[in-house]
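This is upload_22.pdb. It holds PDB, N, CA and C atoms.
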```
MODEL        1
ATOM      1  N   MET A   1       0.842  -1.182   0.000
ATOM      2  CA  MET A   1       0.000   0.000   0.000
ATOM      3  C   MET A   1       0.879   1.233   0.000
ATOM      4  N   ASN A   2       0.487   2.191  -0.761
ATOM      5  CA  ASN A   2       1.184   3.461  -0.793
ATOM      6  C   ASN A   2       0.468   4.417   0.160
ATOM      7  N   PHE A   3       1.028   4.599   1.352
ATOM      8  CA  PHE A   3       0.376   5.427   2.360
ATOM      9  C   PHE A   3       0.318   6.895   1.952
ATOM     10  N   GLU A   4       1.263   7.348   1.136
ATOM     11  CA  GLU A   4       1.236   8.743   0.716
ATOM     12  C   GLU A   4       0.000   9.022  -0.143
ATOM     13  N   GLU A   5      -0.270   8.154  -1.117
ATOM     14  CA  GLU A   5      -1.453   8.327  -1.964
ATOM     15  C   GLU A   5      -2.731   8.144  -1.157
ATOM     16  N   ALA A   6      -2.763   7.122  -0.309
ATOM     17  CA  ALA A   6      -3.939   6.881   0.531
ATOM     18  C   ALA A   6      -4.186   8.081   1.436
ATOM     19  N   GLY A   7      -3.127   8.632   1.991
ATOM     20  CA  GLY A   7      -3.255   9.793   2.876
ATOM     21  C   GLY A   7      -3.839  10.997   2.166
ATOM     22  N   THR A   8      -3.429  11.210   0.936
ATOM     23  CA  THR A   8      -3.969  12.332   0.161
ATOM     24  C   THR A   8      -5.460  12.147  -0.085
ATOM     25  N   LEU A   9      -5.859  10.931  -0.454
ATOM     26  CA  LEU A   9      -7.281  10.647  -0.673
ATOM     27  C   LEU A   9      -8.085  10.840   0.611
ATOM     28  N   ILE A  10      -7.542  10.376   1.718
ATOM     29  CA  ILE A  10      -8.226  10.507   3.003
ATOM     30  C   ILE A  10      -8.341  11.976   3.397
ATOM     31  N   ARG A  11      -7.257  12.729   3.255
ATOM     32  CA  ARG A  11      -7.291  14.155   3.594
ATOM     33  C   ARG A  11      -8.334  14.887   2.754
ATOM     34  N   ASN A  12      -8.348  14.614   1.438
ATOM     35  CA  ASN A  12      -9.312  15.283   0.566
ATOM     36  C   ASN A  12     -10.747  14.924   0.931
ATOM     37  N   ALA A  13     -11.002  13.656   1.234
ATOM     38  CA  ALA A  13     -12.348  13.219   1.615
ATOM     39  C   ALA A  13     -12.766  13.857   2.941
ATOM     40  N   ARG A  14     -11.830  13.946   3.879
ATOM     41  CA  ARG A  14     -12.139  14.566   5.179
ATOM     42  C   ARG A  14     -12.471  16.032   5.012
ATOM     43  N   ARG A  15     -11.677  16.729   4.210
ATOM     44  CA  ARG A  15     -11.934  18.155   3.979
ATOM     45  C   ARG A  15     -13.255  18.368   3.258
ATOM     46  N   GLN A  16     -13.544  17.503   2.302
ATOM     47  CA  GLN A  16     -14.804  17.602   1.565
ATOM     48  C   GLN A  16     -15.991  17.398   2.514
ATOM     49  N   ALA A  17     -15.813  16.515   3.494
ATOM     50  CA  ALA A  17     -16.858  16.274   4.487
ATOM     51  C   ALA A  17     -16.893  17.369   5.556
ATOM     52  N   LYS A  18     -15.961  18.322   5.464
ATOM     53  CA  LYS A  18     -15.860  19.438   6.415
ATOM     54  C   LYS A  18     -15.700  18.948   7.860
ATOM     55  N   ILE A  19     -14.792  17.991   8.026
ATOM     56  CA  ILE A  19     -14.469  17.428   9.331
ATOM     57  C   ILE A  19     -12.998  17.725   9.617
ATOM     58  N   THR A  20     -12.699  18.203  10.809
ATOM     59  CA  THR A  20     -11.303  18.438  11.167
ATOM     60  C   THR A  20     -10.648  17.111  11.533
ATOM     61  N   GLN A  21      -9.325  17.125  11.560
ATOM     62  CA  GLN A  21      -8.596  15.926  11.997
ATOM     63  C   GLN A  21      -9.007  15.559  13.412
ATOM     64  N   ALA A  22      -9.144  16.547  14.265
ATOM     65  CA  ALA A  22      -9.493  16.296  15.664
ATOM     66  C   ALA A  22     -10.891  15.684  15.765
ATOM     67  N   GLU A  23     -11.847  16.196  14.982
ATOM     68  CA  GLU A  23     -13.209  15.642  15.016
ATOM     69  C   GLU A  23     -13.222  14.189  14.541
ATOM     70  N   LEU A  24     -12.531  13.923  13.444
ATOM     71  CA  LEU A  24     -12.486  12.560  12.913
ATOM     72  C   LEU A  24     -11.848  11.616  13.928
ATOM     73  N   ALA A  25     -10.745  12.050  14.505
ATOM     74  CA  ALA A  25     -10.049  11.229  15.489
ATOM     75  C   ALA A  25     -10.952  10.929  16.682
ATOM     76  N   LYS A  26     -11.647  11.936  17.172
ATOM     77  CA  LYS A  26     -12.529  11.751  18.330
ATOM     78  C   LYS A  26     -13.649  10.769  18.002
ATOM     79  N   ARG A  27     -14.254  10.905  16.836
ATOM     80  CA  ARG A  27     -15.359  10.026  16.434
ATOM     81  C   ARG A  27     -14.917   8.566  16.322
ATOM     82  N   LEU A  28     -13.641   8.376  15.992
ATOM     83  CA  LEU A  28     -13.131   7.016  15.799
ATOM     84  C   LEU A  28     -12.326   6.495  16.991
ATOM     85  N   GLY A  29     -12.159   7.310  18.016
ATOM     86  CA  GLY A  29     -11.398   6.887  19.183
ATOM     87  C   GLY A  29      -9.911   6.757  18.892
ATOM     88  N   MET A  30      -9.404   7.632  18.034
ATOM     89  CA  MET A  30      -7.988   7.632  17.671
ATOM     90  C   MET A  30      -7.391   8.986  18.045
ATOM     91  N   SER A  31      -6.093   9.095  17.924
ATOM     92  CA  SER A  31      -5.459  10.391  18.186
ATOM     93  C   SER A  31      -5.444  11.229  16.903
ATOM     94  N   ARG A  32      -5.442  12.536  17.096
ATOM     95  CA  ARG A  32      -5.344  13.436  15.953
ATOM     96  C   ARG A  32      -4.009  13.237  15.248
ATOM     97  N   ALA A  33      -2.979  12.913  16.018
ATOM     98  CA  ALA A  33      -1.652  12.680  15.444
ATOM     99  C   ALA A  33      -1.673  11.511  14.460
ATOM    100  N   THR A  34      -2.449  10.469  14.776
ATOM    101  CA  THR A  34      -2.548   9.322  13.877
ATOM    102  C   THR A  34      -3.163   9.751  12.547
ATOM    103  N   ILE A  35      -4.228  10.535  12.614
ATOM    104  CA  ILE A  35      -4.883  11.020  11.395
ATOM    105  C   ILE A  35      -3.910  11.892  10.604
ATOM    106  N   SER A  36      -3.220  12.777  11.295
ATOM    107  CA  SER A  36      -2.259  13.659  10.631
ATOM    108  C   SER A  36      -1.150  12.866   9.957
ATOM    109  N   GLN A  37      -0.595  11.895  10.656
ATOM    110  CA  GLN A  37       0.481  11.081  10.087
ATOM    111  C   GLN A  37      -0.006  10.277   8.887
ATOM    112  N   LEU A  38      -1.221   9.780   8.958
ATOM    113  CA  LEU A  38      -1.790   9.040   7.830
ATOM    114  C   LEU A  38      -1.951   9.961   6.623
ATOM    115  N   GLU A  39      -2.486  11.148   6.847
ATOM    116  CA  GLU A  39      -2.727  12.083   5.746
ATOM    117  C   GLU A  39      -1.439  12.560   5.089
ATOM    118  N   THR A  40      -0.375  12.627   5.846
ATOM    119  CA  THR A  40       0.895  13.094   5.284
ATOM    120  C   THR A  40       1.773  11.954   4.788
ATOM    121  N   GLY A  41       1.328  10.717   4.989
ATOM    122  CA  GLY A  41       2.064   9.572   4.477
ATOM    123  C   GLY A  41       3.283   9.193   5.290
ATOM    124  N   VAL A  42       3.403   9.724   6.492
ATOM    125  CA  VAL A  42       4.581   9.419   7.309
ATOM    126  C   VAL A  42       4.302   8.382   8.386
ATOM    127  N   ILE A  43       3.093   7.872   8.424
ATOM    128  CA  ILE A  43       2.746   6.884   9.443
ATOM    129  C   ILE A  43       3.556   5.618   9.197
ATOM    130  N   SER A  44       4.095   5.053  10.259
ATOM    131  CA  SER A  44       4.937   3.867  10.092
ATOM    132  C   SER A  44       4.111   2.587  10.107
ATOM    133  N   GLU A  45       2.985   2.601  10.806
ATOM    134  CA  GLU A  45       2.152   1.399  10.874
ATOM    135  C   GLU A  45       0.731   1.802  11.231
ATOM    136  N   LEU A  46      -0.214   1.165  10.572
ATOM    137  CA  LEU A  46      -1.620   1.391  10.868
ATOM    138  C   LEU A  46      -2.358   0.094  10.577
ATOM    139  N   GLY A  47      -3.096  -0.377  11.535
ATOM    140  CA  GLY A  47      -3.822  -1.629  11.353
ATOM    141  C   GLY A  47      -4.910  -1.512  10.298
ATOM    142  N   VAL A  48      -5.239  -2.632   9.708
ATOM    143  CA  VAL A  48      -6.271  -2.678   8.667
ATOM    144  C   VAL A  48      -7.616  -2.228   9.236
ATOM    145  N   ARG A  49      -7.922  -2.612  10.445
ATOM    146  CA  ARG A  49      -9.199  -2.216  11.046
ATOM    147  C   ARG A  49      -9.299  -0.703  11.191
ATOM    148  N   LYS A  50      -8.220  -0.072  11.644
ATOM    149  CA  LYS A  50      -8.236   1.390  11.783
ATOM    150  C   LYS A  50      -8.391   2.058  10.424
ATOM    151  N   LEU A  51      -7.639   1.582   9.453
ATOM    152  CA  LEU A  51      -7.738   2.156   8.111
ATOM    153  C   LEU A  51      -9.152   1.979   7.573
ATOM    154  N   SER A  52      -9.729   0.816   7.785
ATOM    155  CA  SER A  52     -11.085   0.542   7.332
ATOM    156  C   SER A  52     -12.096   1.460   8.016
ATOM    157  N   GLN A  53     -11.937   1.696   9.310
ATOM    158  CA  GLN A  53     -12.831   2.600  10.047
ATOM    159  C   GLN A  53     -12.765   4.014   9.481
ATOM    160  N   ILE A  54     -11.557   4.492   9.226
ATOM    161  CA  ILE A  54     -11.370   5.839   8.681
ATOM    162  C   ILE A  54     -12.040   5.936   7.318
ATOM    163  N   CYS A  55     -11.779   4.958   6.477
ATOM    164  CA  CYS A  55     -12.348   4.969   5.130
ATOM    165  C   CYS A  55     -13.871   4.885   5.168
ATOM    166  N   ASP A  56     -14.410   4.007   6.009
ATOM    167  CA  ASP A  56     -15.863   3.892   6.136
ATOM    168  C   ASP A  56     -16.485   5.226   6.537
ATOM    169  N   ARG A  57     -15.859   5.889   7.487
ATOM    170  CA  ARG A  57     -16.386   7.165   7.995
ATOM    171  C   ARG A  57     -16.385   8.242   6.920
ATOM    172  N   LEU A  58     -15.437   8.147   5.978
ATOM    173  CA  LEU A  58     -15.288   9.178   4.948
ATOM    174  C   LEU A  58     -15.858   8.765   3.597
ATOM    175  N   GLY A  59     -16.513   7.618   3.541
ATOM    176  CA  GLY A  59     -17.108   7.185   2.281
ATOM    177  C   GLY A  59     -16.097   6.639   1.289
ATOM    178  N   LEU A  60     -14.997   6.131   1.791
ATOM    179  CA  LEU A  60     -13.962   5.530   0.944
ATOM    180  C   LEU A  60     -13.958   4.023   1.185
ATOM    181  N   GLU A  61     -13.277   3.295   0.332
ATOM    182  CA  GLU A  61     -13.146   1.856   0.551
ATOM    183  C   GLU A  61     -11.709   1.419   0.329
ATOM    184  N   VAL A  62     -11.341   0.366   1.017
ATOM    185  CA  VAL A  62     -10.009  -0.220   0.888
ATOM    186  C   VAL A  62     -10.120  -1.344  -0.136
ATOM    187  N   THR A  63      -9.236  -1.346  -1.111
ATOM    188  CA  THR A  63      -9.240  -2.410  -2.107
ATOM    189  C   THR A  63      -7.872  -3.083  -2.145
ATOM    190  N   ILE A  64      -7.882  -4.302  -2.611
ATOM    191  CA  ILE A  64      -6.647  -5.066  -2.755
ATOM    192  C   ILE A  64      -6.499  -5.406  -4.227
ATOM    193  N   GLN A  65      -5.308  -5.236  -4.745
ATOM    194  CA  GLN A  65      -5.059  -5.565  -6.148
ATOM    195  C   GLN A  65      -3.662  -6.133  -6.284
ATOM    196  N   ARG A  66      -3.439  -6.812  -7.381
ATOM    197  CA  ARG A  66      -2.125  -7.384  -7.648
ATOM    198  C   ARG A  66      -1.129  -6.244  -7.848
ATOM    199  N   ARG A  67       0.011  -6.389  -7.239
ATOM    200  CA  ARG A  67       1.064  -5.389  -7.343
ATOM    201  C   ARG A  67       1.676  -5.444  -8.741
ATOM    202  N   LEU A  68       1.920  -4.278  -9.297
ATOM    203  CA  LEU A  68       2.584  -4.213 -10.588
ATOM    204  C   LEU A  68       4.053  -4.582 -10.427
ATOM    205  N   ALA A  69       4.584  -5.216 -11.438
ATOM    206  CA  ALA A  69       6.002  -5.578 -11.399
ATOM    207  C   ALA A  69       6.841  -4.302 -11.365
ATOM    208  N   PRO A  70       7.871  -4.283 -10.537
ATOM    209  CA  PRO A  70       8.717  -3.089 -10.486
ATOM    210  C   PRO A  70       9.449  -2.887 -11.814
ATOM    211  N   LEU A  71       9.701  -1.635 -12.129
ATOM    212  CA  LEU A  71      10.420  -1.317 -13.355
ATOM    213  C   LEU A  71      11.885  -1.731 -13.227
ATOM    214  N   THR A  72      12.469  -2.134 -14.351
ATOM    215  CA  THR A  72      13.914  -2.350 -14.371
ATOM    216  C   THR A  72      14.574  -0.987 -14.396
ATOM    217  N   LEU A  73      15.858  -0.929 -14.167
ATOM    218  CA  LEU A  73      16.587   0.331 -14.195
ATOM    219  C   LEU A  73      16.454   0.986 -15.564
ATOM    220  N   HIS A  74      16.556   0.195 -16.637
ATOM    221  CA  HIS A  74      16.439   0.738 -17.990
ATOM    222  C   HIS A  74      15.037   1.277 -18.260
ATOM    223  N   GLU A  75      14.011   0.576 -17.780
ATOM    224  CA  GLU A  75      12.632   1.044 -17.956
ATOM    225  C   GLU A  75      12.390   2.340 -17.183
ATOM    226  N   ALA A  76      12.901   2.405 -15.970
ATOM    227  CA  ALA A  76      12.743   3.610 -15.162
ATOM    228  C   ALA A  76      13.452   4.791 -15.811
ATOM    229  N   TYR A  77      14.647   4.558 -16.347
ATOM    230  CA  TYR A  77      15.389   5.620 -17.020
ATOM    231  C   TYR A  77      14.619   6.102 -18.247
ATOM    232  N   ALA A  78      14.098   5.165 -19.043
ATOM    233  CA  ALA A  78      13.354   5.529 -20.252
ATOM    234  C   ALA A  78      12.099   6.324 -19.893
ATOM    235  N   GLU A  79      11.407   5.911 -18.840
ATOM    236  CA  GLU A  79      10.210   6.630 -18.398
ATOM    237  C   GLU A  79      10.568   8.036 -17.934
ATOM    238  N   ASN A  80      11.642   8.150 -17.159
ATOM    239  CA  ASN A  80      12.090   9.453 -16.686
ATOM    240  C   ASN A  80      12.497  10.349 -17.847
ATOM    241  N   LYS A  81      13.171   9.776 -18.832
ATOM    242  CA  LYS A  81      13.609  10.538 -19.999
ATOM    243  C   LYS A  81      12.404  11.086 -20.757
ATOM    244  N   GLN A  82      11.367  10.264 -20.914
ATOM    245  CA  GLN A  82      10.157  10.717 -21.598
ATOM    246  C   GLN A  82       9.489  11.848 -20.826
ATOM    247  N   GLU A  83       9.435  11.728 -19.523
ATOM    248  CA  GLU A  83       8.830  12.772 -18.694
ATOM    249  C   GLU A  83       9.612  14.073 -18.799
ATOM    250  N   ARG A  84      10.948  13.972 -18.797
ATOM    251  CA  ARG A  84      11.773  15.183 -18.923
ATOM    252  C   ARG A  84      11.596  15.829 -20.290
ATOM    253  N   GLN A  85      11.559  15.017 -21.334
ATOM    254  CA  GLN A  85      11.379  15.554 -22.676
ATOM    255  C   GLN A  85      10.026  16.247 -22.806
ATOM    256  N   ALA A  86       8.988  15.659 -22.233
ATOM    257  CA  ALA A  86       7.662  16.278 -22.265
ATOM    258  C   ALA A  86       7.679  17.611 -21.518
ATOM    259  N   ALA A  87       8.379  17.656 -20.390
ATOM    260  CA  ALA A  87       8.482  18.902 -19.627
ATOM    261  C   ALA A  87       9.233  19.963 -20.421
ATOM    262  N   PHE A  88      10.293  19.571 -21.116
ATOM    263  CA  PHE A  88      11.028  20.527 -21.952
ATOM    264  C   PHE A  88      10.145  21.069 -23.073
ATOM    265  N   ARG A  89       9.369  20.182 -23.722
ATOM    266  CA  ARG A  89       8.473  20.635 -24.800
ATOM    267  C   ARG A  89       7.431  21.606 -24.259
ATOM    268  N   GLU A  90       6.896  21.313 -23.094
ATOM    269  CA  GLU A  90       5.901  22.187 -22.484
ATOM    270  C   GLU A  90       6.518  23.548 -22.147
ATOM    271  N   THR A  91       7.727  23.530 -21.606
ATOM    272  CA  THR A  91       8.422  24.780 -21.285
ATOM    273  C   THR A  91       8.705  25.576 -22.553
ATOM    274  N   ASP A  92       9.182  24.906 -23.606
ATOM    275  CA  ASP A  92       9.445  25.585 -24.874
ATOM    276  C   ASP A  92       8.179  26.213 -25.444
ATOM    277  N   ALA A  93       7.060  25.498 -25.370
ATOM    278  CA  ALA A  93       5.795  26.028 -25.883
ATOM    279  C   ALA A  93       5.353  27.242 -25.071
ATOM    280  N   THR A  94       5.511  27.183 -23.754
ATOM    281  CA  THR A  94       5.143  28.316 -22.898
ATOM    282  C   THR A  94       6.016  29.524 -23.201
ATOM    283  N   LEU A  95       7.324  29.307 -23.360
ATOM    284  CA  LEU A  95       8.233  30.410 -23.677
ATOM    285  C   LEU A  95       7.920  31.012 -25.044
ATOM    286  N   ALA A  96       7.599  30.165 -26.001
ATOM    287  CA  ALA A  96       7.238  30.656 -27.335
ATOM    288  C   ALA A  96       5.974  31.497 -27.269
ATOM    289  N   GLU A  97       4.999  31.057 -26.488
ATOM    290  CA  GLU A  97       3.745  31.798 -26.332
ATOM    291  C   GLU A  97       3.993  33.141 -25.650
ATOM    292  N   LEU A  98       4.825  33.132 -24.619
ATOM    293  CA  LEU A  98       5.158  34.382 -23.931
ATOM    294  C   LEU A  98       5.900  35.334 -24.864
ATOM    295  N   SER A  99       6.802  34.798 -25.657
ATOM    296  CA  SER A  99       7.555  35.616 -26.606
ATOM    297  C   SER A  99       6.618  36.218 -27.647
ATOM    298  N   LYS A 100       5.696  35.425 -28.145
ATOM    299  CA  LYS A 100       4.720  35.888 -29.135
ATOM    300  C   LYS A 100       3.848  37.011 -28.545
ATOM    301  N   ASP A 101       3.413  36.826 -27.288
ATOM    302  CA  ASP A 101       2.581  37.823 -26.616
ATOM    303  C   ASP A 101       3.341  39.131 -26.421
ATOM    304  N   SER A 102       4.650  39.039 -26.083
ATOM    305  CA  SER A 102       5.421  40.275 -25.851
ATOM    306  C   SER A 102       5.737  40.971 -27.168
ATOM    307  N   ASP A 103       5.822  40.228 -28.272
ATOM    308  CA  ASP A 103       6.050  40.820 -29.576
ATOM    309  C   ASP A 103       4.833  41.612 -30.047
ATOM    310  N   HIS A 104       3.634  41.181 -29.639
ATOM    311  CA  HIS A 104       2.392  41.835 -30.051
ATOM    312  C   HIS A 104       1.979  42.925 -29.075
ATOM    313  N   GLY A 105       2.630  43.006 -27.944
ATOM    314  CA  GLY A 105       2.209  43.934 -26.885
ATOM    315  C   GLY A 105       2.896  45.207 -26.970
TER
ENDMDL
END
```

Target format structure tokens, applied to this file:
Amino acid sequence: MNFEEAGTLIRNARRQAKITQAELAKRLGMSRATISQLETGVISELGVRKLSQICDRLGLEVTIQRRLAPLTLHEAYAENKQERQAAFRETDATLAELSKDSDHG
């Protein structure tokens, strides 16, 4: 499980429900620190029952799926290279647009 992603989903659901960390913690009999650590992805351990209680309270569900195979070093490098190239193209397009706007201004 990726606690960082789960924490972001939980934080967003809690905020959407307009519940503070302290209120959620009190309703579930947990500490506010536990909720905070979960939302920030720094929690070192959290039982399945606690996670399930939090998700139930916020209208979320816990799912289990097959883990994707980790990337090889070459695959990770190729993916990173594509992401960098896309970022460069986006930056070039933004700079070209800004240059065009300043030429007409």

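Residues lying within 7 Å of stretch 35-46 of chain A, counting only N, CA and C atoms and ignoring same-chain neighbours fewer than 4 positions away, are A:Asn2, A:Phe3, A:Glu4, A:Glu5, A:Ala6, A:Gly7, A:Thr8, A:Ile10, A:Arg11, A:Gln21, A:Ala25, A:Met30, A:Ser31, A:Lys50, A:Leu51.
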
Record the distance separating atom C of A:Asp92 and atom C of A:Asn80, expressed in Å with one decimal.
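Pair atom C of A:Asp92 / atom C of A:Asn80 returns 18.1 Å.
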
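Between atom N of A:Leu9 and atom CA of A:Leu28 lies a distance of 18.2 Å.
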
Give the alpha helix (DSSP H) residues of chain A, as DSSP finds them on the backbone, and put them as number ranges by chain.
A: 3-16, 21-28, 32-40, 48-58, 73-104

The PyMOL selection byres (((chain A and resi 61-76 and name CA) around 12) and name CA) on the file shown: which residues, as a list in words?
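Expected selection for the PyMOL selection byres (((chain A and resi 61-76 and name CA) around 12) and name CA) here is Met1, Asn2, Phe3, Ala6, Leu9, Ile10, Ala13, Val48, Arg49, Lys50, Leu51, Ser52, Gln53, Ile54, Cys55, Asp56, Arg57, Leu58, Gly59, Leu60, Tyr77, Ala78, Glu79, Asn80, Lys81, Gln82 and Glu83 of chain A.
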
Given 8 Å on each side, where is the centre and what are the edge lengths in Å to one decimal of the axis-aligned box enclosing the listed atoms of stretch 70-88 of chain A, as JSON?
```
{"center_x": 12.1, "center_y": 8.4, "center_z": -16.8, "size_x": 24.9, "size_y": 41.4, "size_z": 28.6}
```
